[in-house]
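Trainee: Got a structure for you, coords20.csv, holding CSV, C-alpha atoms.
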```
chain,number,residue,atom,x,y,z
L,1,MET,CA,26.6,-21.7,41.7
L,2,THR,CA,29.0,-19.1,43.0
L,3,ASP,CA,28.1,-15.5,43.2
L,4,ALA,CA,30.6,-14.7,40.4
L,5,ALA,CA,29.1,-17.5,38.2
L,6,LYS,CA,25.6,-16.2,38.8
L,7,LYS,CA,26.6,-12.7,37.9
L,8,SER,CA,28.3,-13.9,34.7
L,9,SER,CA,25.3,-15.9,33.7
L,10,THR,CA,22.9,-13.0,34.3
L,11,PHE,CA,25.1,-10.6,32.4
L,12,ALA,CA,25.4,-13.0,29.5
L,13,ALA,CA,21.6,-13.0,29.1
L,14,LEU,CA,21.8,-9.3,28.2
L,15,ARG,CA,24.5,-9.5,25.5
L,16,GLY,CA,21.9,-10.0,22.7
L,17,GLU,CA,20.2,-6.7,23.6
L,18,PRO,CA,20.5,-4.1,20.9
L,19,PRO,CA,21.9,-0.7,21.9
L,20,ILE,CA,19.1,1.9,22.4
L,21,ALA,CA,19.0,4.8,19.9
L,22,ARG,CA,19.4,8.3,21.4
L,23,ALA,CA,16.1,10.0,22.2
L,24,ALA,CA,14.7,12.7,24.4
L,25,THR,CA,13.0,10.1,26.6
L,26,LEU,CA,16.1,7.8,26.9
L,27,PRO,CA,15.6,6.9,30.6
L,28,ALA,CA,12.0,6.1,30.0
L,29,GLU,CA,12.9,3.9,27.0
L,30,VAL,CA,15.6,2.1,29.1
L,31,ALA,CA,13.1,1.6,31.9
L,32,GLU,CA,10.6,0.0,29.5
L,33,ARG,CA,13.3,-2.3,28.1
L,34,LEU,CA,14.2,-3.3,31.7
L,35,ARG,CA,10.5,-3.9,32.6
L,36,LEU,CA,10.2,-6.3,29.6
L,37,ALA,CA,13.5,-8.0,30.5
L,38,ILE,CA,12.5,-8.4,34.1
L,39,GLY,CA,9.1,-9.8,33.1
L,40,ARG,CA,10.9,-12.5,31.0
L,41,ARG,CA,13.4,-13.1,33.9
L,42,ASP,CA,16.2,-12.5,31.4
L,43,ILE,CA,18.3,-10.3,33.7
L,44,VAL,CA,17.2,-11.5,37.2
L,45,ASP,CA,19.2,-14.1,39.1
L,46,GLU,CA,17.6,-16.5,41.5
L,47,ASP,CA,17.9,-14.0,44.3
L,48,ASN,CA,16.0,-11.4,42.2
L,49,LYS,CA,19.2,-9.3,42.0
L,50,LEU,CA,19.7,-7.1,38.9
L,51,PRO,CA,23.0,-6.4,37.1
L,52,SER,CA,25.0,-3.4,38.1
L,53,GLU,CA,24.6,0.0,36.7
L,54,ALA,CA,27.9,-0.4,34.8
L,55,GLU,CA,26.8,-3.7,33.2
L,56,LEU,CA,23.5,-2.3,32.2
L,57,ALA,CA,25.0,0.9,30.8
L,58,GLN,CA,27.4,-1.3,28.7
L,59,VAL,CA,24.6,-3.5,27.3
L,60,TYR,CA,22.2,-0.7,26.4
L,61,GLY,CA,24.9,1.7,25.2
L,62,VAL,CA,24.0,4.5,27.5
L,63,SER,CA,25.6,6.3,30.4
L,64,ARG,CA,25.3,5.3,34.0
L,65,PRO,CA,23.3,8.4,34.9
L,66,VAL,CA,20.7,7.3,32.3
L,67,ILE,CA,20.6,3.8,33.9
L,68,ARG,CA,20.3,5.4,37.3
L,69,GLU,CA,17.3,7.5,36.2
L,70,ALA,CA,15.7,4.5,34.6
L,71,MET,CA,16.1,2.6,37.8
L,72,SER,CA,14.5,5.5,39.7
L,73,LEU,CA,11.4,5.2,37.4
L,74,LEU,CA,11.2,1.5,38.2
L,75,LYS,CA,11.6,2.2,41.9
L,76,ALA,CA,8.8,4.7,41.7
L,77,ASP,CA,6.6,2.0,40.2
L,78,GLY,CA,7.5,-0.3,43.0
L,79,LEU,CA,9.1,-2.8,40.6
L,80,VAL,CA,12.6,-2.4,41.8
L,81,ILE,CA,13.9,-2.0,45.4
L,82,ALA,CA,17.4,-1.2,46.6
L,83,HIS,CA,19.2,-2.9,49.4
L,84,GLN,CA,22.0,-0.8,50.9
L,85,GLY,CA,25.4,-2.2,50.0
L,86,ARG,CA,23.9,-5.1,48.1
L,87,GLY,CA,22.5,-3.5,44.9
L,88,GLN,CA,19.2,-3.4,43.1
L,89,PHE,CA,16.6,-6.1,43.3
L,90,VAL,CA,13.3,-6.9,41.7
L,91,ASN,CA,10.4,-6.6,44.1
L,92,PRO,CA,9.1,-10.1,44.6
L,93,ALA,CA,5.5,-8.7,44.9
L,94,GLY,CA,5.8,-7.0,41.6
L,95,SER,CA,4.9,-3.4,40.7
L,96,ASN,CA,2.2,-1.8,42.8
L,97,VAL,CA,1.6,1.1,40.4
L,98,PHE,CA,-1.0,1.2,37.6
L,99,ARG,CA,0.8,2.3,34.4
L,100,LEU,CA,-0.8,3.9,31.4
L,101,GLU,CA,1.5,5.0,28.6
L,102,PRO,CA,-0.4,5.0,25.3
L,103,ASN,CA,1.4,4.7,22.0
L,104,VAL,CA,-0.2,7.4,19.9
L,105,GLU,CA,1.3,5.8,16.8
L,106,SER,CA,-0.5,2.6,17.3
L,107,SER,CA,-4.2,2.4,16.1
L,108,GLY,CA,-4.7,-0.6,18.4
L,109,ASP,CA,-3.4,1.3,21.4
L,110,LEU,CA,-5.6,4.3,20.6
L,111,ARG,CA,-8.7,2.3,20.1
L,112,GLU,CA,-8.3,0.5,23.5
L,113,LEU,CA,-7.4,3.8,25.2
L,114,PHE,CA,-10.5,5.6,24.0
L,115,GLU,CA,-12.7,2.6,25.0
L,116,PHE,CA,-11.1,3.0,28.4
L,117,LEU,CA,-11.6,6.8,28.5
L,118,LEU,CA,-15.3,6.3,27.6
L,119,SER,CA,-15.8,4.2,30.7
L,120,VAL,CA,-14.3,7.0,32.9
L,121,GLU,CA,-15.2,10.3,31.4
L,122,VAL,CA,-18.8,9.5,30.4
L,123,PRO,CA,-20.1,8.5,33.8
L,124,ALA,CA,-18.1,11.3,35.4
L,125,THR,CA,-19.8,13.8,33.1
L,126,ARG,CA,-23.2,12.3,33.9
L,127,LEU,CA,-22.5,12.7,37.6
L,128,ALA,CA,-21.4,16.3,37.1
L,129,ALA,CA,-24.8,17.0,35.5
L,130,GLU,CA,-26.6,15.4,38.4
L,131,ARG,CA,-24.5,16.8,41.3
L,132,ARG,CA,-22.9,20.1,40.2
L,133,ASP,CA,-23.3,22.8,42.8
L,134,PRO,CA,-23.1,26.5,42.0
L,135,GLN,CA,-19.3,26.6,42.7
L,136,GLY,CA,-18.6,23.5,40.5
L,137,LEU,CA,-20.8,24.9,37.7
L,138,LEU,CA,-19.0,28.2,37.8
L,139,ALA,CA,-15.6,26.4,37.6
L,140,ILE,CA,-16.8,24.6,34.5
L,141,GLN,CA,-18.2,27.7,32.9
L,142,GLN,CA,-15.0,29.7,33.5
L,143,ALA,CA,-12.8,26.9,32.2
L,144,TYR,CA,-15.0,26.7,29.1
L,145,ALA,CA,-14.7,30.5,28.6
L,146,ARG,CA,-10.9,30.3,28.7
L,147,LEU,CA,-10.9,27.4,26.2
L,148,TYR,CA,-13.2,29.3,23.9
L,149,ASP,CA,-10.9,32.4,24.1
L,150,VAL,CA,-7.7,30.5,23.3
L,151,THR,CA,-9.5,28.6,20.5
L,152,ASN,CA,-10.8,31.8,19.0
L,153,ARG,CA,-7.3,33.4,19.2
L,154,GLY,CA,-5.8,30.3,17.7
L,155,VAL,CA,-8.1,30.3,14.6
L,156,ASP,CA,-7.5,34.0,14.0
L,157,ALA,CA,-3.7,33.9,14.5
L,158,ALA,CA,-1.1,34.0,11.8
L,159,PRO,CA,0.2,30.6,10.6
L,160,THR,CA,3.5,31.0,12.5
L,161,THR,CA,1.6,31.8,15.7
L,162,ARG,CA,-0.9,28.9,15.3
L,163,GLY,CA,2.0,26.4,15.6
L,164,ASN,CA,3.0,27.6,19.1
L,165,GLU,CA,2.2,25.0,21.8
L,166,ALA,CA,1.2,27.9,24.1
L,167,ALA,CA,-1.8,28.7,21.8
L,168,ASP,CA,-3.0,25.1,21.0
L,169,GLY,CA,-5.5,25.1,23.8
L,170,ALA,CA,-4.4,21.7,25.2
L,171,ASP,CA,-4.0,23.1,28.7
L,172,GLU,CA,-7.3,24.8,28.7
L,173,ASP,CA,-8.9,21.7,27.3
L,174,GLY,CA,-7.5,19.8,30.2
L,175,GLU,CA,-8.8,22.4,32.7
L,176,PHE,CA,-12.3,22.1,31.3
L,177,HIS,CA,-12.5,18.4,31.6
L,178,ARG,CA,-10.9,18.4,35.1
L,179,ALA,CA,-13.5,20.9,36.2
L,180,ILE,CA,-16.2,18.6,35.0
L,181,VAL,CA,-14.8,15.6,36.8
L,182,ALA,CA,-14.4,17.7,40.0
L,183,ALA,CA,-18.1,18.6,39.8
L,184,SER,CA,-18.9,14.8,39.8
L,185,GLY,CA,-18.1,14.9,43.5
L,186,ASN,CA,-16.5,11.4,43.3
L,187,ARG,CA,-13.0,11.4,44.8
L,188,TYR,CA,-12.0,8.3,42.9
L,189,PHE,CA,-12.9,9.8,39.5
L,190,ILE,CA,-11.1,13.0,40.5
L,191,ALA,CA,-7.9,11.2,41.5
L,192,PHE,CA,-7.9,9.0,38.5
L,193,ALA,CA,-8.6,12.0,36.2
L,194,ASP,CA,-5.4,13.6,37.4
L,195,PHE,CA,-3.5,10.4,36.6
L,196,LEU,CA,-5.1,10.2,33.1
L,197,ASP,CA,-4.4,13.8,32.3
L,198,ALA,CA,-0.7,13.4,33.0
L,199,ARG,CA,-0.5,10.4,30.7
L,200,VAL,CA,-2.6,11.5,27.7
L,201,ARG,CA,-1.4,15.2,27.5
L,202,ARG,CA,0.6,14.4,24.3
L,203,MET,CA,-2.4,12.8,22.8
L,204,ILE,CA,-4.6,15.8,23.5
L,205,ARG,CA,-2.0,18.1,21.9
L,206,LEU,CA,-1.8,15.9,18.8
L,207,ALA,CA,-5.6,15.9,18.4
L,208,ARG,CA,-5.9,19.6,18.7
L,209,LYS,CA,-2.9,20.2,16.4
L,210,ASN,CA,-4.3,17.9,13.8
L,211,THR,CA,-7.7,19.6,14.0
L,212,ARG,CA,-6.3,23.1,13.9
L,213,THR,CA,-4.1,22.5,10.9
L,214,ARG,CA,-6.8,20.9,8.8
L,215,SER,CA,-9.5,23.6,9.0
L,216,ALA,CA,-11.1,26.3,11.1
L,217,GLU,CA,-14.4,24.4,10.6
L,218,TRP,CA,-12.9,21.4,12.5
L,219,VAL,CA,-11.7,23.6,15.3
L,220,TRP,CA,-15.2,24.9,15.8
L,221,GLN,CA,-16.6,21.4,15.6
L,222,VAL,CA,-14.5,20.5,18.6
L,223,GLN,CA,-15.6,23.7,20.4
L,224,GLN,CA,-19.3,22.8,19.7
L,225,GLU,CA,-18.7,19.4,21.2
L,226,HIS,CA,-17.4,21.2,24.4
L,227,GLU,CA,-20.3,23.5,24.4
L,228,ALA,CA,-22.8,20.7,24.1
L,229,ILE,CA,-21.2,19.1,27.2
L,230,LEU,CA,-21.4,22.5,29.1
L,231,ARG,CA,-25.0,23.1,28.2
L,232,ALA,CA,-26.1,19.6,29.3
L,233,ILE,CA,-24.4,20.1,32.6
L,234,GLU,CA,-25.9,23.6,33.0
L,235,ALA,CA,-29.3,22.1,32.3
L,236,GLY,CA,-28.8,19.3,34.8
L,237,ASP,CA,-29.5,16.7,32.1
L,238,PRO,CA,-27.4,13.6,32.8
L,239,ASP,CA,-28.6,11.7,29.6
L,240,ALA,CA,-27.6,14.6,27.4
L,241,ALA,CA,-24.3,15.1,29.3
L,242,SER,CA,-23.5,11.4,28.8
L,243,HIS,CA,-24.3,11.6,25.1
L,244,ALA,CA,-22.3,14.8,24.6
L,245,ALA,CA,-19.2,13.3,26.4
L,246,ALA,CA,-19.4,10.1,24.4
L,247,THR,CA,-19.8,12.0,21.1
L,248,HIS,CA,-16.8,14.2,21.9
L,249,LEU,CA,-14.5,11.2,22.8
L,250,ASN,CA,-15.6,9.2,19.7
L,251,ASN,CA,-15.0,12.2,17.5
L,252,ALA,CA,-11.6,12.8,19.1
L,253,ALA,CA,-10.6,9.2,18.4
L,254,ALA,CA,-11.6,9.7,14.7
L,255,ARG,CA,-9.5,12.9,14.5
L,256,LEU,CA,-6.5,11.1,15.9
L,257,ALA,CA,-7.0,8.3,13.4
L,258,LEU,CA,-6.8,10.9,10.7
L,259,TYR,CA,-3.6,12.2,12.3
L,260,GLN,CA,-2.1,8.7,12.0
L,261,GLN,CA,-3.0,8.5,8.4
L,262,ASP,CA,-1.3,11.8,7.7
L,263,GLN,CA,1.9,10.5,9.4
L,264,GLY,CA,1.7,7.1,7.6
```
Output the file's structure as structure tokens, nothing else.
Mentor:
Amino acid sequence: MTDAAKKSSTFAALRGEPPIARAATLPAEVAERLRLAIGRRDIVDEDNKLPSEAELAQVYGVSRPVIREAMSLLKADGLVIAHQGRGQFVNPAGSNVFRLEPNVESSGDLRELFEFLLSVEVPATRLAAERRDPQGLLAIQQAYARLYDVTNRGVDAAPTTRGNEAADGADEDGEFHRAIVAASGNRYFIAFADFLDARVRRMIRLARKNTRTRSAEWVWQVQQEHEAILRAIEAGDPDAASHAAATHLNNAAARLALYQQDQG
């Protein structure tokens, strides 16, 4: 088969693809479509070459800069590699990057994600109770104090203020949990916690927003869960720390399930 024929055949496989609706995360959505198409080998010729930017832009109904940014995401994952003067190719070894992009609208996704988080955060919290040194404990206490302060201000604020992302406590929530993982002293937990935090930030915001808008009582229930974790770590009680961390995550999952019901 000639190069022109191979190119025509590869491009033809894309013609059934529906255009992508406009969205704030357009490059990410294009990248996800491309991952699926690559996995099915729909758009890859026998030499692992991908269609040109212009062809992909026409198929997906987006601009070439969007395609370029989507390709950059795939390159960052190691799934796509560029050969100077020859174009873009699928990496024969496949992606070398672990990906975690939960769909907060899917109950199945959330259930599996929280099962996964339990396997990471609970043992890390247990280790923090066993190993925390004075400096690590102080970092946890200070992060908790900031979280308590922003939670208290959020409950007392006027309705128009409570809706502001700056006052939702998600950042302080993340700092508290990162301080706990850091106190575990396990560099793999620490590195993976940073990865998780970047991927589940939207989920944390949804959980806190749902809790805050339902009732002040729920807000303080969450704060009491955080305090139980802190007190267990302060006491150096790994069993209590594990139990408190698991309770917090299971309750967070239930709160997000209620958010889904509200949106349904």
Trainee: Near L:Thr25, within 12 Å and counting all atoms listed in the file, which residues show up once chain neighbours fewer than 5 positions away are dropped, as a list in words?
Mentor: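 Selected residues are Ile20, Val30, Ala31, Glu32, Val66, Glu69, Ala70 and Leu73 of chain L.
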Trainee: Which of these, L:Glu234, L:Glu112, L:Glu217, L:Asp47, has the shortest distance to L:Ala139 once you count all atoms listed in the file?
Mentor: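 Distance minimum relative to L:Ala139 lands on L:Glu234.
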Trainee: Can you tell me how far atom CA of L:Arg33 sits from atom CA of L:Tyr60, in Å to one decimal?
Mentor: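 Rounded to one decimal, the two atoms are 9.2 Å apart.
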Trainee: When you look at L:Ala228 with a cut-off of 9 Å (counting only C-alpha atoms), what residues show up, excluding the ones that are within fewer than 6 positions of it in the same chain? I need them as an mmCIF file with C-alpha atoms, in the frame of the given file.
Mentor:
```cif
data_model
loop_
_atom_site.group_PDB
_atom_site.id
_atom_site.type_symbol
_atom_site.label_atom_id
_atom_site.label_comp_id
_atom_site.auth_asym_id
_atom_site.auth_seq_id
_atom_site.Cartn_x
_atom_site.Cartn_y
_atom_site.Cartn_z
ATOM 1 C CA ALA L 240 -27.600 14.600 27.400
ATOM 2 C CA ALA L 241 -24.300 15.100 29.300
ATOM 3 C CA ALA L 244 -22.300 14.800 24.600
ATOM 4 C CA ALA L 245 -19.200 13.300 26.400
#
```
Trainee: Measuring between all atoms listed in the file, which one of L:Arg86, L:Arg126, L:His248, L:His226 shows the shortest distance to L:Leu50?
Mentor: L:Arg86
Trainee: Just to confirm, what's the straight-line distance from atom CA of L:Arg187 to atom CA of L:Gly136 in Å (one decimal)?
Mentor: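 Spanning atom CA of L:Arg187 to atom CA of L:Gly136 is a straight-line distance of 14.0 Å.
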Trainee: Enumerate, as a list in words, the protein, DNA and RNA residues whose atoms approach (24.9, -0.6, 37.9) to within 8 Å, taking into account all atoms listed in the file and the coordinate frame of the file.
Mentor: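 Those residues lying close to the given coordinates are Pro51, Ser52, Glu53, Ala54, Glu55, Leu56, Ala57, Arg64, Ile67, Arg68 and Gly87 of chain L.
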Trainee: Of the candidates L:Thr125, L:Val181, L:Ala216, L:Leu138, which one gets nearest to L:Arg153 if we count all atoms listed in the file?
Mentor: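 Going through L:Thr125, L:Val181, L:Ala216, L:Leu138 one by one, the smallest distance to L:Arg153 is for L:Ala216.
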Trainee: Mind pulling up the distance from atom CA of L:Tyr144 to atom CA of L:Glu130?
Mentor: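 Distance between the two atoms: 18.7 Å.
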Trainee: Considering all atoms listed in the file, can you say which of L:Ile233, L:Ala143, L:Leu34, L:Ile43 comes closest to L:Phe176?
Mentor: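 For L:Phe176, the nearest of the candidates is L:Ala143.
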Trainee: Go through L:Ala179, L:Trp220, L:Arg111, L:Ala191 one by one, measure the shortest atom-to-atom distance of each to L:Val150 using all atoms listed in the file, and give the residue with the smallest value.
Mentor: L:Trp220
Trainee: Taking into account only C-alpha atoms, which residue in the set L:His243, L:His177, L:Arg132, L:Arg35 is nearest to L:Lys75?
Mentor: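 Ranked by minimum distance to L:Lys75, first place goes to L:Arg35.
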